[in-house]
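Asker: data34.txt (compact mmCIF, C-alpha atoms and all ligand atoms) pasted underneath:
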```txt
# COMPACT_ATOMS: atom_id res chain seq x y z
CA MET A 1181 13.74 -14.03 17.58
CA SER A 1182 12.18 -11.04 15.89
CA ASP A 1183 10.84 -11.31 12.33
CA ILE A 1184 13.07 -8.36 11.36
CA ILE A 1185 16.63 -8.27 12.69
CA SER A 1186 18.85 -5.17 12.48
CA THR A 1187 22.59 -5.31 12.94
CA ALA A 1188 25.46 -2.98 12.12
CA ASP A 1189 29.03 -3.97 11.48
CA GLY A 1190 31.26 -0.96 10.92
CA THR A 1191 30.02 0.93 7.89
CA VAL A 1192 27.36 -1.57 6.82
CA ALA A 1193 23.97 -2.09 8.46
CA THR A 1194 22.10 -5.30 7.73
CA ILE A 1195 18.34 -5.71 7.84
CA THR A 1196 17.31 -9.37 7.84
CA LEU A 1197 13.85 -10.83 7.25
CA ASN A 1198 13.58 -13.72 9.66
CA ARG A 1199 10.14 -15.29 9.48
CA GLN A 1200 11.62 -18.44 8.09
CA ASP A 1201 8.75 -20.87 8.72
CA LYS A 1202 6.50 -18.77 6.45
CA LEU A 1203 9.22 -18.04 3.87
CA ASN A 1204 9.31 -14.44 5.16
CA ALA A 1205 5.71 -13.69 4.22
CA ILE A 1206 5.24 -10.07 5.28
CA THR A 1207 2.88 -9.14 8.15
CA PRO A 1208 1.70 -5.67 9.26
CA ASP A 1209 4.14 -5.79 12.21
CA MET A 1210 6.99 -6.55 9.82
CA LEU A 1211 6.11 -3.43 7.80
CA LEU A 1212 6.45 -1.29 10.94
CA ALA A 1213 9.67 -3.06 11.92
CA LEU A 1214 11.15 -2.59 8.43
CA GLU A 1215 10.45 1.14 8.56
CA GLU A 1216 12.01 1.41 12.02
CA ALA A 1217 15.02 -0.67 10.94
CA VAL A 1218 15.85 1.57 8.00
CA ARG A 1219 15.44 4.72 10.08
CA GLN A 1220 17.68 3.19 12.74
CA ALA A 1221 20.34 2.45 10.10
CA GLU A 1222 20.18 6.09 8.97
CA ARG A 1223 20.63 7.25 12.56
CA THR A 1224 23.51 4.92 13.39
CA ALA A 1225 26.81 6.81 13.38
CA GLY A 1226 29.33 5.48 10.90
CA VAL A 1227 26.87 3.45 8.82
CA ARG A 1228 27.22 4.22 5.11
CA ALA A 1229 25.28 1.45 3.35
CA VAL A 1230 22.50 -1.02 4.09
CA VAL A 1231 22.14 -4.65 3.04
CA LEU A 1232 18.60 -6.03 2.94
CA ARG A 1233 18.56 -9.83 3.09
CA ALA A 1234 16.67 -12.80 4.46
CA GLU A 1235 17.18 -16.00 6.39
CA GLY A 1236 15.61 -19.31 5.36
CA ARG A 1237 14.58 -20.73 2.00
CA ALA A 1238 13.37 -17.50 0.38
CA PHE A 1239 13.96 -13.78 0.40
CA SER A 1240 10.20 -13.30 0.73
CA VAL A 1241 7.05 -14.82 -0.75
CA GLY A 1242 5.29 -11.48 -0.33
CA ALA A 1243 2.24 -10.48 1.61
CA ASP A 1244 1.06 -12.92 4.26
CA ILE A 1245 -2.15 -13.85 2.50
CA ASN A 1246 -3.72 -15.19 5.70
CA VAL A 1247 -3.32 -11.91 7.60
CA TRP A 1248 -4.19 -9.74 4.66
CA SER A 1249 -7.33 -11.58 3.58
CA ALA A 1250 -8.68 -11.34 7.16
CA LEU A 1251 -8.40 -7.53 7.37
CA ASN A 1252 -11.49 -5.35 7.14
CA PRO A 1253 -11.39 -2.58 4.47
CA GLU A 1254 -10.31 0.15 6.92
CA ALA A 1255 -7.50 -1.94 8.43
CA PHE A 1256 -6.50 -3.02 4.94
CA ARG A 1257 -6.10 0.61 3.90
CA THR A 1258 -4.24 1.81 6.99
CA ARG A 1259 -2.32 -1.21 8.28
CA TRP A 1260 -1.63 -2.77 4.95
CA ILE A 1261 -1.48 -0.32 2.04
CA ASP A 1262 -0.51 2.86 3.91
CA ASP A 1263 1.97 1.21 6.28
CA GLY A 1264 3.45 -0.75 3.37
CA HIS A 1265 3.95 2.36 1.29
CA ARG A 1266 5.51 4.17 4.23
CA ALA A 1267 7.93 1.33 4.95
CA PHE A 1268 8.95 0.82 1.32
CA ASP A 1269 9.22 4.57 0.67
CA ALA A 1270 11.46 4.84 3.75
CA ILE A 1271 13.75 2.29 2.12
CA ALA A 1272 13.62 3.92 -1.32
CA ARG A 1273 14.28 7.36 0.17
CA CYS A 1274 16.86 6.22 2.72
CA ARG A 1275 19.82 8.57 2.45
CA LEU A 1276 22.11 5.52 2.48
CA PRO A 1277 22.35 3.15 -0.49
CA VAL A 1278 20.37 -0.05 0.05
CA ILE A 1279 21.42 -3.33 -1.59
CA ALA A 1280 18.97 -6.25 -1.66
CA ALA A 1281 20.36 -9.80 -1.62
CA LEU A 1282 17.76 -12.15 -3.13
CA HIS A 1283 17.54 -15.92 -2.93
CA GLY A 1284 14.89 -18.61 -3.29
CA HIS A 1285 11.80 -16.58 -4.11
CA ALA A 1286 11.14 -12.85 -4.35
CA LEU A 1287 7.41 -12.82 -4.98
CA GLY A 1288 4.68 -10.20 -4.69
CA GLY A 1289 5.42 -7.85 -1.81
CA GLY A 1290 8.83 -9.52 -1.49
CA LEU A 1291 9.75 -8.31 -4.95
CA GLU A 1292 8.18 -4.91 -4.26
CA LEU A 1293 10.39 -4.70 -1.17
CA ALA A 1294 13.44 -5.52 -3.29
CA LEU A 1295 12.34 -2.92 -5.84
CA ALA A 1296 12.55 -0.26 -3.13
CA ALA A 1297 16.28 -1.01 -2.80
CA ASP A 1298 18.85 0.74 -5.00
CA ILE A 1299 20.65 -2.38 -6.19
CA ARG A 1300 19.51 -6.01 -6.39
CA ILE A 1301 21.69 -9.10 -6.45
CA ALA A 1302 20.05 -12.50 -7.02
CA GLU A 1303 21.26 -16.05 -6.55
CA GLU A 1304 21.00 -18.11 -9.72
CA SER A 1305 18.11 -20.30 -8.51
CA CYS A 1306 16.05 -17.30 -7.39
CA GLN A 1307 12.62 -16.82 -8.94
CA LEU A 1308 10.92 -13.47 -9.17
CA ALA A 1309 7.29 -12.52 -9.82
CA LEU A 1310 4.45 -10.17 -9.05
CA PRO A 1311 1.70 -12.85 -8.99
CA GLU A 1312 -1.09 -10.72 -7.48
CA VAL A 1313 -3.46 -10.96 -10.45
CA SER A 1314 -3.47 -14.73 -10.06
CA LEU A 1315 -4.91 -14.18 -6.56
CA GLY A 1316 -7.51 -11.66 -7.63
CA THR A 1317 -5.70 -8.54 -6.47
CA VAL A 1318 -3.04 -6.15 -7.78
CA PRO A 1319 0.44 -5.16 -6.55
CA GLY A 1320 -0.16 -2.70 -3.72
CA TRP A 1321 3.23 -1.67 -2.36
CA GLY A 1322 4.66 0.34 -5.23
CA GLY A 1323 5.22 -2.47 -7.73
CA THR A 1324 3.12 -0.94 -10.49
CA ARG A 1325 5.33 2.18 -10.37
CA ARG A 1326 8.75 0.81 -9.50
CA LEU A 1327 8.75 -2.25 -11.77
CA PRO A 1328 8.10 -0.24 -14.99
CA GLU A 1329 10.74 2.27 -13.88
CA VAL A 1330 13.26 -0.55 -13.69
CA VAL A 1331 12.35 -2.82 -16.63
CA GLY A 1332 10.15 -0.58 -18.81
CA LYS A 1333 6.39 -0.72 -19.27
CA PRO A 1334 6.12 -3.64 -21.73
CA ARG A 1335 8.15 -6.01 -19.56
CA ALA A 1336 6.41 -4.81 -16.38
CA LYS A 1337 3.07 -5.50 -18.04
CA GLN A 1338 4.25 -8.93 -19.15
CA MET A 1339 5.26 -9.80 -15.59
CA ILE A 1340 2.30 -8.25 -13.77
CA LEU A 1341 -0.47 -9.22 -16.20
CA SER A 1342 0.72 -12.80 -16.68
CA ALA A 1343 1.78 -13.26 -13.02
CA ALA A 1344 4.59 -15.43 -14.41
CA ARG A 1345 7.74 -16.16 -12.47
CA ILE A 1346 10.98 -15.24 -14.15
CA SER A 1347 14.41 -16.70 -13.49
CA ALA A 1348 17.31 -14.75 -12.05
CA ALA A 1349 18.99 -14.95 -15.47
CA GLN A 1350 15.94 -13.38 -17.13
CA ALA A 1351 15.78 -10.75 -14.39
CA GLU A 1352 19.41 -9.87 -15.04
CA LEU A 1353 18.75 -9.63 -18.78
CA TRP A 1354 15.91 -7.19 -18.07
CA GLY A 1355 17.92 -5.16 -15.55
CA LEU A 1356 15.62 -6.18 -12.71
CA VAL A 1357 18.63 -7.48 -10.84
CA ASN A 1358 22.06 -5.93 -11.24
CA PHE A 1359 23.79 -9.27 -11.35
CA VAL A 1360 23.36 -12.95 -10.60
CA CYS A 1361 25.68 -14.89 -8.32
CA PRO A 1362 26.00 -18.55 -7.37
CA ASP A 1363 23.56 -19.86 -4.77
CA SER A 1364 24.39 -19.02 -1.14
CA GLN A 1365 26.51 -16.03 -2.16
CA ALA A 1366 24.00 -13.16 -2.44
CA THR A 1367 24.60 -11.82 1.06
CA SER A 1368 28.40 -11.95 0.81
CA ARG A 1369 28.33 -10.31 -2.63
CA ALA A 1370 25.98 -7.63 -1.30
CA MET A 1371 28.29 -7.06 1.68
CA ASP A 1372 31.30 -6.73 -0.65
CA LEU A 1373 29.49 -4.15 -2.76
CA ALA A 1374 28.24 -2.31 0.34
CA ARG A 1375 31.83 -2.10 1.64
CA ASP A 1376 33.07 -0.84 -1.75
CA ILE A 1377 30.44 1.89 -1.73
CA SER A 1378 31.20 2.68 1.91
CA ALA A 1379 34.82 3.39 0.96
CA ARG A 1380 33.70 6.28 -1.33
CA ALA A 1381 33.02 9.80 -0.10
CA PRO A 1382 29.80 9.37 1.94
CA LEU A 1383 28.30 12.76 1.14
CA SER A 1384 28.95 12.30 -2.57
CA VAL A 1385 27.36 8.85 -2.49
CA GLN A 1386 24.30 10.16 -0.67
CA TYR A 1387 23.86 13.17 -2.97
CA ALA A 1388 24.40 11.03 -6.07
CA LYS A 1389 21.70 8.59 -4.93
CA LYS A 1390 19.25 11.46 -4.34
CA LEU A 1391 20.02 13.03 -7.72
CA ILE A 1392 19.55 9.77 -9.62
CA ASP A 1393 16.24 9.11 -7.84
CA ALA A 1394 15.05 12.69 -8.32
CA SER A 1395 15.66 12.35 -12.07
CA THR A 1396 12.81 9.82 -12.19
CA GLY A 1397 10.61 11.61 -9.66
CA GLU A 1398 11.37 9.60 -6.48
CA GLY A 1399 11.49 12.18 -3.68
CA LEU A 1400 12.03 14.98 -6.20
CA SER A 1401 10.57 17.86 -4.19
CA ALA A 1402 12.24 16.66 -0.97
CA THR A 1403 15.59 16.50 -2.77
CA LEU A 1404 15.19 20.00 -4.20
CA GLU A 1405 14.27 21.35 -0.77
CA MET A 1406 17.24 19.56 0.77
CA LEU A 1407 19.67 20.96 -1.82
CA ALA A 1408 18.27 24.49 -1.54
CA GLY A 1409 18.32 24.24 2.26
CA VAL A 1410 21.94 23.11 2.28
CA ALA A 1411 22.86 25.82 -0.27
CA THR A 1412 21.40 28.62 1.88
CA LEU A 1413 22.57 27.22 5.23
CA THR A 1414 25.99 28.87 5.09
CA SER A 1415 24.87 32.04 3.27
CA GLU A 1416 25.42 35.51 4.67
CA ASP A 1417 21.75 36.18 4.01
CA LEU A 1418 20.68 33.46 6.42
CA SER A 1419 23.02 34.80 9.14
CA GLU A 1420 21.70 38.29 8.52
CA GLY A 1421 18.08 37.10 8.50
CA ILE A 1422 18.50 35.33 11.83
CA ALA A 1423 20.45 38.25 13.36
CA ALA A 1424 17.81 40.74 12.20
CA MET A 1425 15.02 38.67 13.68
CA ARG A 1426 16.85 38.40 17.02
CA GLU A 1427 17.62 42.13 17.04
CA LYS A 1428 14.07 42.99 15.98
CA ARG A 1429 15.21 45.07 12.98
CA PRO A 1430 14.64 44.77 9.21
CA PRO A 1431 17.25 42.53 7.50
CA LEU A 1432 19.84 43.94 5.10
CA PHE A 1433 20.34 41.14 2.57
CA SER A 1434 23.50 41.18 0.41
CA GLY A 1435 22.55 38.23 -1.83
CA ALA A 1436 25.67 36.33 -0.77
N1 LIG B 1 1.42 -15.93 2.85
C1 LIG B 1 1.36 -16.66 3.97
N2 LIG B 1 2.01 -17.84 4.11
C2 LIG B 1 2.73 -18.27 3.08
C3 LIG B 1 2.83 -17.58 1.88
C4 LIG B 1 2.14 -16.33 1.79
N3 LIG B 1 2.21 -15.54 0.71
N4 LIG B 1 3.61 -18.28 1.03
C5 LIG B 1 4.00 -19.38 1.68
N5 LIG B 1 3.46 -19.39 2.93
C6 LIG B 1 3.63 -20.40 3.97
C7 LIG B 1 2.94 -21.69 3.61
O1 LIG B 1 1.57 -21.65 3.93
C8 LIG B 1 3.72 -22.66 4.46
O2 LIG B 1 3.26 -22.56 5.78
P1 LIG B 1 2.88 -23.92 6.62
O3 LIG B 1 4.16 -24.70 6.67
O4 LIG B 1 2.43 -23.41 7.95
O5 LIG B 1 1.82 -24.60 5.79
C9 LIG B 1 5.14 -22.10 4.45
O6 LIG B 1 5.00 -20.72 4.10
C10 LIG B 1 6.03 -22.77 3.43
O7 LIG B 1 5.40 -22.65 2.16
P2 LIG B 1 5.20 -23.91 1.18
O8 LIG B 1 4.19 -23.52 0.14
O9 LIG B 1 4.94 -25.14 1.95
O10 LIG B 1 6.66 -24.01 0.53
P3 LIG B 1 7.04 -24.57 -0.90
O11 LIG B 1 8.51 -24.61 -0.96
O12 LIG B 1 6.30 -25.83 -1.19
O13 LIG B 1 6.49 -23.48 -1.96
C11 LIG B 1 6.22 -21.26 -2.89
C12 LIG B 1 7.08 -22.20 -2.01
C13 LIG B 1 6.83 -19.89 -2.83
C14 LIG B 1 6.21 -21.77 -4.31
C15 LIG B 1 4.77 -21.25 -2.35
O14 LIG B 1 4.81 -21.07 -0.94
C16 LIG B 1 3.89 -20.13 -2.92
O15 LIG B 1 3.54 -20.16 -4.10
N6 LIG B 1 3.51 -19.16 -2.06
C17 LIG B 1 2.61 -18.07 -2.45
C18 LIG B 1 3.39 -16.94 -3.02
C19 LIG B 1 2.49 -15.81 -3.47
O16 LIG B 1 1.53 -15.99 -4.21
N7 LIG B 1 2.82 -14.60 -3.01
C20 LIG B 1 2.13 -13.40 -3.40
C21 LIG B 1 1.18 -12.94 -2.37
S1 LIG B 1 0.36 -11.48 -2.98
```
Show this structure as structure tokens.
Answerer:
Amino acid sequence: MSDIISTADGTVATITLNRQDKLNAITPDMLLALEEAVRQAERTAGVRAVVLRAEGRAFSVGADINVWSALNPEAFRTRWIDDGHRAFDAIARCRLPVIAALHGHALGGGLELALAADIRIAEESCQLALPEVSLGTVPGWGGTRRLPEVVGKPRAKQMILSAARISAAQAELWGLVNFVCPDSQATSRAMDLARDISARAPLSVQYAKKLIDASTGEGLSATLEMLAGVATLTSEDLSEGIAAMREKRPPLFSGA
């Protein structure tokens, strides 16, 4: 079985972390597979929402410290930091809404992965933390940016600087998770929400996600380019510009 499993059922794609014996500790290969899985979900016809979940006792305990501590500085930069940012940015910038279903532990890179999702649901026994400073490192996959965006700087500093684990109830109080559900129900609650969202107008959902993210800087320039591109796509000026180029004559733009 692969460490990352992608499935699609009607309008909802599911990406499952499946390295159960290591509590879904994230390896370089899993980063590549996560990026591919989210791109595949975007390409799959009919899919309108993505659920990110995990098998086993935990959502993810974060970076696989054995792999990571054995990397040389160059591999650490390219295969760890760069690939991690690319994978998590692909999730954050996915045109489809992504809902993370958390259980057990969401620690370190596991929590950073969840922070790349749009909505987080946690089971009541779930514990969340960015414990990197207790290991002698710092969050490296977007946590220092995305956590303050979600909970505010003082609470992000409390979590990151103390490395303390917080309960699902505390996470809900801080807005780090959207809501808490009984144990064993995170995936089904995430699926329910994904199906609700899938029943809304897909283009509206996708534009609304982009606009909300752009308001805090996530993919802002890409969103502006996308909106301007879409706005000019059906313009007379674009038709005229293309026709003029084909006919090797100067264009006569009307401004419409
Ligand atoms: N990287 C690599 N392997 C990890 C891991 C990590 N971050 N976290 C857990 N594992 C492995 C353990 O080594 C163990 O493997 P083994 O059975 O081959 O020895 C397996 O996952 C199960 O973990 P274990 O510690 O035995 O489970 P537990 O239920 O007793 O404890 C935790 C669970 C989450 C409390 C504990 O595993 C932990 O604190 N992990 C480190 C989390 C962390 O600091 N993450 C941030 C990294 S930046």
Asker: With distances taken over all atoms listed in the file, which of A:Val1360, A:Ala1302, A:Ala1225, A:Val1318 is nearest to Thr1191 (chain A)?
Answerer: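 Ranking A:Val1360, A:Ala1302, A:Ala1225, A:Val1318 by distance to Thr1191 (chain A), first place goes to A:Ala1225.
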Asker: Which residues come within 8 Å of region 1263-1274 of chain A, counting all atoms listed in the file, excluding same-chain residues fewer than 3 positions away, as a PyMOL selection string?
Answerer: chain A and resi 1208+1211-1212+1214-1215+1218-1219+1222+1258-1260+1277-1278+1293+1296-1298+1321-1322+1390+1398-1399
Asker: Could you list, as a ChimeraX atom specification, all the residues within 9 Å of ligand LIG 1 (chain B), counting all atoms listed in the file?
Answerer: /A:1200-1207,1237-1238,1240-1248,1284-1290,1307,1309-1315,1317-1320
Asker: Can I get the residues of region 1206-1319 of chain A within 6 Å of region 1371-1389 of chain A, each with the closest pair of atoms and their distance in Å to one decimal, using all atoms listed in the file, sorted chain first then ascending number, as CSV?
Answerer:
```
residue,atom,partner,partner_atom,distance
A:Arg1228,CA,A:Ser1378,CA,5.3
A:Ala1229,CA,A:Ala1374,CA,5.7
A:Arg1275,CA,A:Gln1386,CA,5.7
```
Asker: The selected residues should be written to file as a PDB file, in the coordinates of the input (atoms: C-alpha atoms).
Answerer:
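For reference, part-v4.pdb as written:
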```pdb
ATOM      1  CA  ARG A1228      27.220   4.220   5.110  1.00  0.00           C
ATOM      2  CA  ALA A1229      25.280   1.450   3.350  1.00  0.00           C
ATOM      3  CA  ARG A1275      19.820   8.570   2.450  1.00  0.00           C
TER       4      ARG A1275
END
```
Asker: Need the shell around region 1327-1337 of chain A: protein/DNA/RNA residues with any atom at most 9 Å away, counting all atoms listed in the file. Skip same-chain ones fewer than 3 positions apart. Format as a PyMOL selection string?
Answerer: chain A and resi 1292+1295+1322-1324+1340-1342+1351+1354-1356+1396
Asker: From the set A:Ala1366, A:Cys1361, A:Ala1221, A:Ala1436, which residue has the shortest atom-to-atom contact distance to Thr1414 (chain A), counting all atoms listed in the file?
Answerer: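 Looking only at the distances to Thr1414 (chain A), the closest residue turns out to be A:Ala1436.
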Asker: Take CA of Arg1233 (chain A) and CA of Arg1257 (chain A) and report the distance between them in Å, one decimal.
Answerer: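 Those two atoms sit 26.8 Å apart.
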Asker: What is the distance between CA of Ser1419 (chain A) and CA of Ala1402 (chain A), in Å to one decimal?
Answerer: 23.4 Å
Asker: As an exercise, work out the distance from CA of Ala1294 (chain A) to CA of Ala1280 (chain A) in Å and give it to one decimal place.
Answerer: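 Between CA of Ala1294 (chain A) and CA of Ala1280 (chain A) the gap is 5.8 Å.
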Asker: For Leu1418 (chain A), work out the shell of residues within 12 Å, counting only C-alpha atoms and skipping chain neighbours fewer than 6 positions away, then give it as a list of chain:residue names.
Answerer: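 Final neighbour list, sorted by chain and number: A:Gly1409, A:Val1410, A:Ala1411, A:Thr1412, A:Ala1424, A:Met1425, A:Pro1431, A:Leu1432, A:Phe1433, A:Ser1434, A:Gly1435, A:Ala1436.
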